[in-house]
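Colleague: Contents are mmCIF, C-alpha atoms; file name structure25.cif:
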```cif
data_final
#
loop_
_atom_site.label_atom_id
_atom_site.label_comp_id
_atom_site.auth_asym_id
_atom_site.auth_seq_id
_atom_site.Cartn_x
_atom_site.Cartn_y
_atom_site.Cartn_z
CA MET A 1 1.90 -19.71 -3.93
CA GLU A 2 -0.30 -22.81 -3.89
CA VAL A 3 -2.34 -24.00 -6.86
CA TYR A 4 -5.47 -25.84 -5.72
CA LYS A 5 -6.04 -29.22 -7.32
CA ALA A 6 -8.80 -31.81 -7.66
CA GLU A 7 -11.51 -31.67 -4.97
CA LYS A 8 -10.24 -28.48 -3.34
CA LYS A 9 -10.35 -26.69 -6.70
CA ARG A 10 -13.80 -28.09 -7.51
CA LEU A 11 -15.25 -26.90 -4.20
CA TYR A 12 -13.98 -23.32 -4.73
CA LEU A 13 -15.31 -23.25 -8.29
CA GLU A 14 -18.74 -24.35 -7.05
CA LYS A 15 -18.87 -22.07 -4.01
CA HIS A 16 -17.54 -18.94 -5.75
CA SER A 17 -18.71 -19.43 -9.33
CA ILE A 18 -18.08 -16.51 -11.71
CA ALA A 19 -20.01 -18.09 -14.59
CA HIS A 20 -22.50 -15.19 -14.40
CA LEU A 21 -19.73 -12.74 -15.38
CA LEU A 22 -18.96 -14.45 -18.70
CA SER A 23 -20.73 -15.78 -21.77
CA PHE A 24 -18.44 -18.78 -22.31
CA PRO A 25 -17.28 -21.73 -20.17
CA ILE A 26 -13.96 -21.39 -18.32
CA GLU A 27 -13.84 -24.49 -16.14
CA GLU A 28 -11.39 -26.41 -18.32
CA PHE A 29 -8.35 -24.17 -17.90
CA ILE A 30 -9.16 -21.89 -14.95
CA GLU A 31 -6.81 -22.22 -11.96
CA VAL A 32 -7.26 -21.43 -8.27
CA HIS A 33 -4.25 -19.78 -6.60
CA GLU A 34 -3.63 -19.11 -2.92
CA TYR A 35 -1.09 -16.47 -1.79
CA LYS A 36 0.17 -16.02 1.75
CA ARG A 37 0.40 -12.60 3.42
CA ASP A 38 3.23 -10.50 1.91
CA GLU A 39 3.61 -12.87 -1.06
CA TRP A 40 3.75 -11.16 -4.45
CA ILE A 41 0.87 -11.98 -6.76
CA ILE A 42 2.49 -9.94 -9.53
CA GLN A 43 6.02 -8.57 -9.49
CA GLU A 44 6.33 -4.94 -10.59
CA GLY A 45 7.41 -4.59 -14.21
CA MET A 46 6.63 -8.23 -15.09
CA ARG A 47 3.52 -8.83 -17.18
CA PRO A 48 1.25 -11.46 -15.61
CA ASP A 49 0.21 -14.63 -17.41
CA PHE A 50 -3.28 -14.56 -15.89
CA LEU A 51 -6.33 -12.41 -15.34
CA PHE A 52 -7.06 -12.83 -11.63
CA TYR A 53 -10.40 -12.54 -9.87
CA VAL A 54 -10.06 -12.24 -6.09
CA ILE A 55 -12.47 -14.43 -4.14
CA GLU A 56 -10.94 -14.19 -0.66
CA GLY A 57 -8.49 -11.80 0.99
CA LYS A 58 -6.95 -8.41 0.25
CA ALA A 59 -3.95 -7.11 -1.66
CA LYS A 60 -2.00 -3.88 -2.10
CA ILE A 61 -0.79 -2.16 -5.27
CA TYR A 62 2.71 -0.63 -5.25
CA VAL A 63 4.68 1.39 -7.77
CA THR A 64 8.35 2.38 -7.81
CA HIS A 65 9.04 5.96 -8.89
CA GLN A 66 12.01 7.09 -10.97
CA ASN A 67 13.81 8.26 -7.81
CA GLY A 68 13.55 4.76 -6.34
CA LYS A 69 10.79 5.57 -3.86
CA VAL A 70 8.12 2.87 -3.52
CA SER A 71 4.54 4.03 -2.95
CA LEU A 72 1.36 2.24 -1.97
CA ILE A 73 -1.27 3.50 -4.41
CA ASN A 74 -4.40 1.40 -3.91
CA PHE A 75 -6.02 -1.73 -2.47
CA ILE A 76 -7.64 -4.78 -4.02
CA ASN A 77 -10.48 -6.61 -2.28
CA ALA A 78 -12.67 -9.66 -2.89
CA ASN A 79 -14.70 -9.63 -6.13
CA GLU A 80 -12.15 -7.43 -7.89
CA TYR A 81 -9.81 -8.06 -10.81
CA ILE A 82 -6.02 -8.11 -11.02
CA GLY A 83 -4.32 -7.89 -14.41
CA GLU A 84 -7.20 -6.25 -16.24
CA MET A 85 -4.97 -3.44 -17.56
CA GLU A 86 -2.54 -5.97 -19.03
CA LEU A 87 -5.51 -7.75 -20.64
CA LEU A 88 -6.64 -4.53 -22.31
CA ASN A 89 -3.24 -3.06 -23.20
CA ASP A 90 -0.39 -4.66 -25.11
CA VAL A 91 1.98 -2.06 -23.65
CA TYR A 92 1.45 -1.27 -19.97
CA TYR A 93 3.82 -0.87 -17.02
CA THR A 94 2.72 -3.53 -14.53
CA LYS A 95 2.39 -2.45 -10.90
CA GLY A 96 3.45 -4.71 -8.04
CA ILE A 97 0.57 -6.57 -6.35
CA GLN A 98 1.23 -7.97 -2.86
CA ALA A 99 -1.17 -10.01 -0.73
CA SER A 100 -1.91 -8.27 2.59
CA THR A 101 -3.76 -11.32 3.97
CA LYS A 102 -4.17 -14.89 2.79
CA THR A 103 -5.61 -14.28 -0.68
CA VAL A 104 -7.34 -16.77 -2.97
CA CYS A 105 -7.89 -15.94 -6.65
CA PHE A 106 -9.31 -17.50 -9.76
CA ALA A 107 -6.64 -17.29 -12.48
CA LEU A 108 -7.64 -17.27 -16.15
CA PRO A 109 -4.60 -17.88 -18.40
CA PHE A 110 -4.25 -15.20 -21.05
CA TYR A 111 -2.96 -17.64 -23.64
CA ARG A 112 -6.24 -19.57 -23.45
CA TYR A 113 -8.83 -16.88 -22.85
CA ARG A 114 -7.54 -13.46 -23.92
CA SER A 115 -9.28 -13.33 -27.31
CA GLN A 116 -12.56 -14.64 -25.92
CA LEU A 117 -12.49 -12.19 -23.01
CA LEU A 118 -11.91 -9.23 -25.33
CA GLU A 119 -14.82 -10.29 -27.55
CA ASP A 120 -17.28 -11.09 -24.74
CA ALA A 121 -19.77 -8.24 -24.37
CA LYS A 122 -21.05 -9.57 -21.04
CA PHE A 123 -17.57 -9.66 -19.51
CA LEU A 124 -16.61 -6.27 -20.98
CA ARG A 125 -19.71 -4.64 -19.46
CA GLU A 126 -18.73 -6.06 -16.06
CA LEU A 127 -15.13 -4.92 -16.51
CA THR A 128 -16.28 -1.41 -17.47
CA ARG A 129 -18.37 -1.24 -14.29
CA PHE A 130 -15.36 -2.35 -12.24
CA LEU A 131 -12.98 0.15 -13.85
CA SER A 132 -15.41 3.06 -13.45
CA GLY A 133 -15.81 2.19 -9.77
CA LYS A 134 -12.04 2.09 -9.39
CA ALA A 135 -11.68 5.54 -10.98
CA THR A 136 -14.42 6.95 -8.74
CA PHE A 137 -12.67 5.54 -5.66
CA MET A 138 -9.35 7.18 -6.57
CA ALA A 139 -11.09 10.54 -7.07
CA ALA A 140 -12.89 10.15 -3.74
CA LYS A 141 -9.63 9.27 -2.00
CA TYR A 142 -8.08 12.55 -3.15
CA SER A 143 -11.09 14.62 -2.05
CA GLN A 144 -11.18 12.85 1.33
CA SER A 145 -7.58 13.82 1.98
CA LEU A 146 -8.73 17.44 1.81
CA ALA A 147 -12.09 17.09 3.52
CA PHE A 148 -11.51 14.73 6.46
CA PRO A 149 -9.07 14.75 9.40
CA LEU A 150 -6.47 12.03 9.79
CA GLU A 151 -8.48 10.26 12.50
CA ASN A 152 -11.14 9.24 9.98
CA ARG A 153 -8.75 8.35 7.18
CA LEU A 154 -6.40 6.38 9.45
CA ALA A 155 -9.29 4.39 10.94
CA ASP A 156 -10.35 3.41 7.42
CA PHE A 157 -6.76 2.53 6.47
CA ILE A 158 -6.27 0.36 9.57
CA LEU A 159 -9.47 -1.58 8.85
CA GLN A 160 -8.46 -1.98 5.22
CA THR A 161 -4.98 -3.34 5.93
CA ALA A 162 -5.40 -5.30 9.19
CA ASP A 163 -4.95 -9.07 9.02
CA GLU A 164 -6.97 -11.03 11.60
CA GLY A 165 -7.25 -7.96 13.81
CA ILE A 166 -3.53 -7.11 13.68
CA TYR A 167 -2.36 -3.86 12.06
CA LYS A 168 1.31 -3.96 11.04
CA GLU A 169 1.89 -1.46 8.22
CA LYS A 170 5.15 0.50 8.11
CA HIS A 171 4.69 4.10 9.28
CA VAL A 172 6.59 5.47 6.28
CA THR A 173 4.23 3.71 3.86
CA VAL A 174 1.17 5.03 5.71
CA CYS A 175 2.48 8.61 5.79
CA ASP A 176 3.07 8.50 2.06
CA TYR A 177 -0.34 7.00 1.26
CA LEU A 178 -2.32 9.35 3.53
CA GLY A 179 -0.18 12.42 2.82
CA VAL A 180 0.67 13.21 6.46
CA SER A 181 3.79 13.76 8.52
CA TYR A 182 5.41 11.00 10.57
CA ARG A 183 4.82 13.03 13.74
CA HIS A 184 1.12 13.55 12.99
CA LEU A 185 0.64 9.83 12.31
CA LEU A 186 2.29 8.82 15.60
CA HIS A 187 0.19 11.38 17.47
CA VAL A 188 -3.08 9.91 16.16
CA LEU A 189 -1.93 6.32 16.73
CA THR A 190 -1.13 7.25 20.33
CA GLN A 191 -4.60 8.77 20.68
CA PHE A 192 -6.18 5.57 19.34
CA CYS A 193 -4.26 3.54 21.93
CA GLU A 194 -5.22 5.92 24.75
CA LYS A 195 -8.90 5.64 23.76
CA GLY A 196 -8.65 1.86 23.71
CA TYR A 197 -9.22 1.45 19.98
CA LEU A 198 -5.79 -0.18 19.56
CA GLN A 199 -3.28 -1.93 21.77
CA LYS A 200 0.40 -1.68 20.85
CA GLU A 201 2.22 -5.02 20.71
CA GLY A 202 5.86 -4.52 19.76
CA ARG A 203 5.86 -2.95 16.31
CA ASN A 204 2.27 -3.98 15.64
CA TYR A 205 -1.14 -2.91 16.90
CA GLN A 206 -4.05 -5.14 17.87
CA ILE A 207 -7.50 -3.78 17.12
CA LYS A 208 -9.51 -3.76 20.37
CA GLN A 209 -12.55 -1.75 19.28
CA PHE A 210 -13.62 -2.51 15.71
CA GLY A 211 -16.88 -0.62 16.29
CA SER A 212 -15.11 2.64 17.13
CA LEU A 213 -12.86 2.43 14.08
CA ASN A 214 -15.80 1.52 11.85
CA GLU A 215 -17.68 4.55 13.17
CA LEU A 216 -14.78 6.87 12.34
CA ALA A 217 -14.28 5.32 8.89
CA GLY A 218 -18.02 5.32 8.19
CA VAL A 219 -18.18 9.10 8.38
CA MET A 220 -16.32 9.25 5.05
CA LYS A 221 -18.46 6.58 3.39
CA ASN A 222 -21.67 8.39 4.26
CA ASN A 223 -20.69 11.51 2.41
#
```
Would you put the structure from the file into structure tokens?

Modeller:
Amino acid sequence: MEVYKAEKKRLYLEKHSIAHLLSFPIEEFIEVHEYKRDEWIIQEGMRPDFLFYVIEGKAKIYVTHQNGKVSLINFINANEYIGEMELLNDVYYTKGIQASTKTVCFALPFYRYRSQLLEDAKFLRELTRFLSGKATFMAAKYSQSLAFPLENRLADFILQTADEGIYKEKHVTVCDYLGVSYRHLLHVLTQFCEKGYLQKEGRNYQIKQFGSLNELAGVMKNN
């Protein structure tokens, strides 16, 4: 993890200002963090010291079940929060957050800003909007698993997780997240390669036709 300093920090604060989300100044103690792909932003079970606001990149949320199985449960994209549940709850089991691409975040230290954040009506309205959207997405994800074939859901998943046009997620993780069998997943991936959407390169896949995948994924978003 890299913490931006001096001019680099100033440029990000100017270009991606979040002053409109809050009623009080945050420039004095806010930090700018960069995480490389696969680097942990938050370790599971360890409460974070910051409220993060993602300005570039993507991340994945994982949880470990009592039987030891690790599941991917959701994604985090630009203009979304990380650590909001820990801000709101004194007791909360923290999920693991892992960067899936280079990810840059604003980091607001809890020890400096927690009280002000929890008393700021402007921020709380924004956070409520974010949390309601998150809940709606999770409900939609469940209904999509019943309503749409794997081709549509896998296309959306590939676009969500690819880094610079390369898709490299573990098949077991994908099967668990999409609720499909290993055999079914491999069948559809083979179809995508045969149609020219993807090109297999070792254990990874290069996206060759973004338009075709976007068309398949878009079917779900239009309903």

Colleague: So which residues get picked by the PyMOL selection byres ((chain A and resi 207-216) around 6) here, written as a list in words?

Modeller: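 Applied to this file, the PyMOL selection byres ((chain A and resi 207-216) around 6) returns Asn152, Ala155, Gly165, Tyr197, Leu198, Gln206, Ala217, Gly218 and Val219 of chain A.
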
Colleague: I'd like the residues picked by the PyMOL selection byres ((chain A and resi 16) around 10) written out as an MDAnalysis selection string, using the chain letters and numbers from the file.

Modeller: chainID A and resid 11:15 17:19 55:56 79 106

Colleague: State, in Å with one decimal place, the distance from CA of Ile158 (chain A) to CA of Thr103 (chain A).

Modeller: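 For CA of Ile158 (chain A) relative to CA of Thr103 (chain A), the distance reads 17.9 Å.
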
Colleague: Report, in Å with one decimal, the straight-line distance from CA of Arg47 (chain A) to CA of Leu131 (chain A).

Modeller: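 Going from CA of Arg47 (chain A) over to CA of Leu131 (chain A), I get 19.1 Å.
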
Colleague: Output the residue selection produced by the PyMOL selection byres ((chain A and resi 81) around 6) on the file above, formatted as an mmCIF file with C-alpha atoms, in the coordinates of the input.

Modeller:
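Okay, selection_33.cif is ready:
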```
data_model
loop_
_atom_site.group_PDB
_atom_site.id
_atom_site.type_symbol
_atom_site.label_atom_id
_atom_site.label_comp_id
_atom_site.auth_asym_id
_atom_site.auth_seq_id
_atom_site.Cartn_x
_atom_site.Cartn_y
_atom_site.Cartn_z
ATOM 1 C CA PHE A 52 -7.060 -12.830 -11.630
ATOM 2 C CA TYR A 53 -10.400 -12.540 -9.870
ATOM 3 C CA GLU A 80 -12.150 -7.430 -7.890
ATOM 4 C CA ILE A 82 -6.020 -8.110 -11.020
#
```

Colleague: Box along x, y and z, 3 Å on every side, all listed atoms of region 131-135 of chain A inside: centre and edge lengths in Å to one decimal, as lines of an AutoDock Vina configuration file.

Modeller:
```
center_x = -13.7
center_y = 2.8
center_z = -11.6
size_x = 10.1
size_y = 11.4
size_z = 10.5
```

Colleague: Would you list the residues near (3.4, -4.5, 15.3) (no more than 10 Å away, in the coordinates of the file, using all atoms listed in the file) as a ChimeraX atom specification?

Modeller: /A:166-170,199-206

Colleague: Rounded to one decimal in Å, what is the spacing between CA of Val32 (chain A) and CA of Thr94 (chain A)?

Modeller: 21.4 Å

Colleague: Would you mind completing region 52-63 of chain A so that it carries all heavy atoms, and writing it out as a compact mmCIF listing (two decimals), in the coordinates of the input?

Modeller:
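Okay, out.txt is ready:
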```
# COMPACT_ATOMS: atom_id res chain seq x y z
N PHE A 52 -6.65 -12.32 -12.94
CA PHE A 52 -7.06 -12.83 -11.63
C PHE A 52 -8.39 -12.22 -11.22
O PHE A 52 -8.67 -11.05 -11.51
CB PHE A 52 -6.02 -12.47 -10.57
CG PHE A 52 -4.66 -13.09 -10.78
CD1 PHE A 52 -3.65 -12.38 -11.42
CD2 PHE A 52 -4.39 -14.39 -10.35
CE1 PHE A 52 -2.40 -12.93 -11.61
CE2 PHE A 52 -3.13 -14.95 -10.53
CZ PHE A 52 -2.14 -14.23 -11.16
N TYR A 53 -9.17 -13.02 -10.51
CA TYR A 53 -10.40 -12.54 -9.87
C TYR A 53 -10.32 -12.95 -8.41
O TYR A 53 -10.26 -14.14 -8.09
CB TYR A 53 -11.64 -13.13 -10.53
CG TYR A 53 -12.94 -12.57 -10.01
CD1 TYR A 53 -13.45 -11.37 -10.49
CD2 TYR A 53 -13.67 -13.24 -9.03
CE1 TYR A 53 -14.64 -10.86 -10.03
CE2 TYR A 53 -14.87 -12.73 -8.55
CZ TYR A 53 -15.35 -11.54 -9.05
OH TYR A 53 -16.53 -11.02 -8.58
N VAL A 54 -10.27 -11.96 -7.51
CA VAL A 54 -10.06 -12.24 -6.09
C VAL A 54 -11.36 -12.75 -5.47
O VAL A 54 -12.40 -12.10 -5.59
CB VAL A 54 -9.59 -10.97 -5.35
CG1 VAL A 54 -9.37 -11.28 -3.86
CG2 VAL A 54 -8.30 -10.43 -5.98
N ILE A 55 -11.28 -13.90 -4.80
CA ILE A 55 -12.47 -14.43 -4.14
C ILE A 55 -12.36 -14.39 -2.62
O ILE A 55 -13.37 -14.37 -1.93
CB ILE A 55 -12.80 -15.86 -4.62
CG1 ILE A 55 -11.59 -16.79 -4.52
CG2 ILE A 55 -13.31 -15.83 -6.03
CD1 ILE A 55 -11.88 -18.21 -4.97
N GLU A 56 -11.15 -14.33 -2.11
CA GLU A 56 -10.94 -14.19 -0.66
C GLU A 56 -9.68 -13.37 -0.44
O GLU A 56 -8.70 -13.52 -1.16
CB GLU A 56 -10.74 -15.55 0.02
CG GLU A 56 -11.96 -16.42 0.12
CD GLU A 56 -11.65 -17.74 0.81
OE1 GLU A 56 -10.55 -17.89 1.38
OE2 GLU A 56 -12.51 -18.64 0.77
N GLY A 57 -9.70 -12.51 0.60
CA GLY A 57 -8.49 -11.80 0.99
C GLY A 57 -8.40 -10.38 0.45
O GLY A 57 -9.35 -9.84 -0.13
N LYS A 58 -7.22 -9.79 0.64
CA LYS A 58 -6.95 -8.41 0.25
C LYS A 58 -5.53 -8.30 -0.26
O LYS A 58 -4.65 -9.07 0.14
CB LYS A 58 -7.14 -7.47 1.45
CG LYS A 58 -8.53 -7.44 2.03
CD LYS A 58 -8.65 -6.49 3.21
CE LYS A 58 -8.01 -7.05 4.46
NZ LYS A 58 -8.28 -6.24 5.66
N ALA A 59 -5.29 -7.33 -1.13
CA ALA A 59 -3.95 -7.11 -1.66
C ALA A 59 -3.70 -5.62 -1.81
O ALA A 59 -4.63 -4.81 -1.77
CB ALA A 59 -3.79 -7.82 -3.01
N LYS A 60 -2.41 -5.28 -1.97
CA LYS A 60 -2.00 -3.88 -2.10
C LYS A 60 -1.26 -3.68 -3.42
O LYS A 60 -0.56 -4.58 -3.88
CB LYS A 60 -1.09 -3.48 -0.93
CG LYS A 60 -1.80 -3.53 0.41
CD LYS A 60 -0.85 -3.26 1.56
CE LYS A 60 0.06 -4.43 1.84
NZ LYS A 60 0.84 -4.27 3.09
N ILE A 61 -1.45 -2.50 -4.01
CA ILE A 61 -0.79 -2.16 -5.27
C ILE A 61 0.33 -1.16 -4.98
O ILE A 61 0.11 -0.13 -4.35
CB ILE A 61 -1.77 -1.52 -6.27
CG1 ILE A 61 -2.99 -2.42 -6.48
CG2 ILE A 61 -1.08 -1.25 -7.60
CD1 ILE A 61 -4.06 -1.81 -7.37
N TYR A 62 1.54 -1.49 -5.45
CA TYR A 62 2.71 -0.63 -5.25
C TYR A 62 3.29 -0.21 -6.60
O TYR A 62 3.17 -0.93 -7.59
CB TYR A 62 3.80 -1.37 -4.48
CG TYR A 62 3.51 -1.63 -3.03
CD1 TYR A 62 3.00 -2.86 -2.62
CD2 TYR A 62 3.75 -0.67 -2.06
CE1 TYR A 62 2.74 -3.13 -1.28
CE2 TYR A 62 3.50 -0.92 -0.72
CZ TYR A 62 2.99 -2.14 -0.33
OH TYR A 62 2.74 -2.40 1.00
N VAL A 63 3.95 0.95 -6.59
CA VAL A 63 4.68 1.39 -7.77
C VAL A 63 6.00 2.01 -7.31
O VAL A 63 6.07 2.65 -6.26
CB VAL A 63 3.87 2.42 -8.60
CG1 VAL A 63 3.64 3.72 -7.83
CG2 VAL A 63 4.53 2.68 -9.94
```
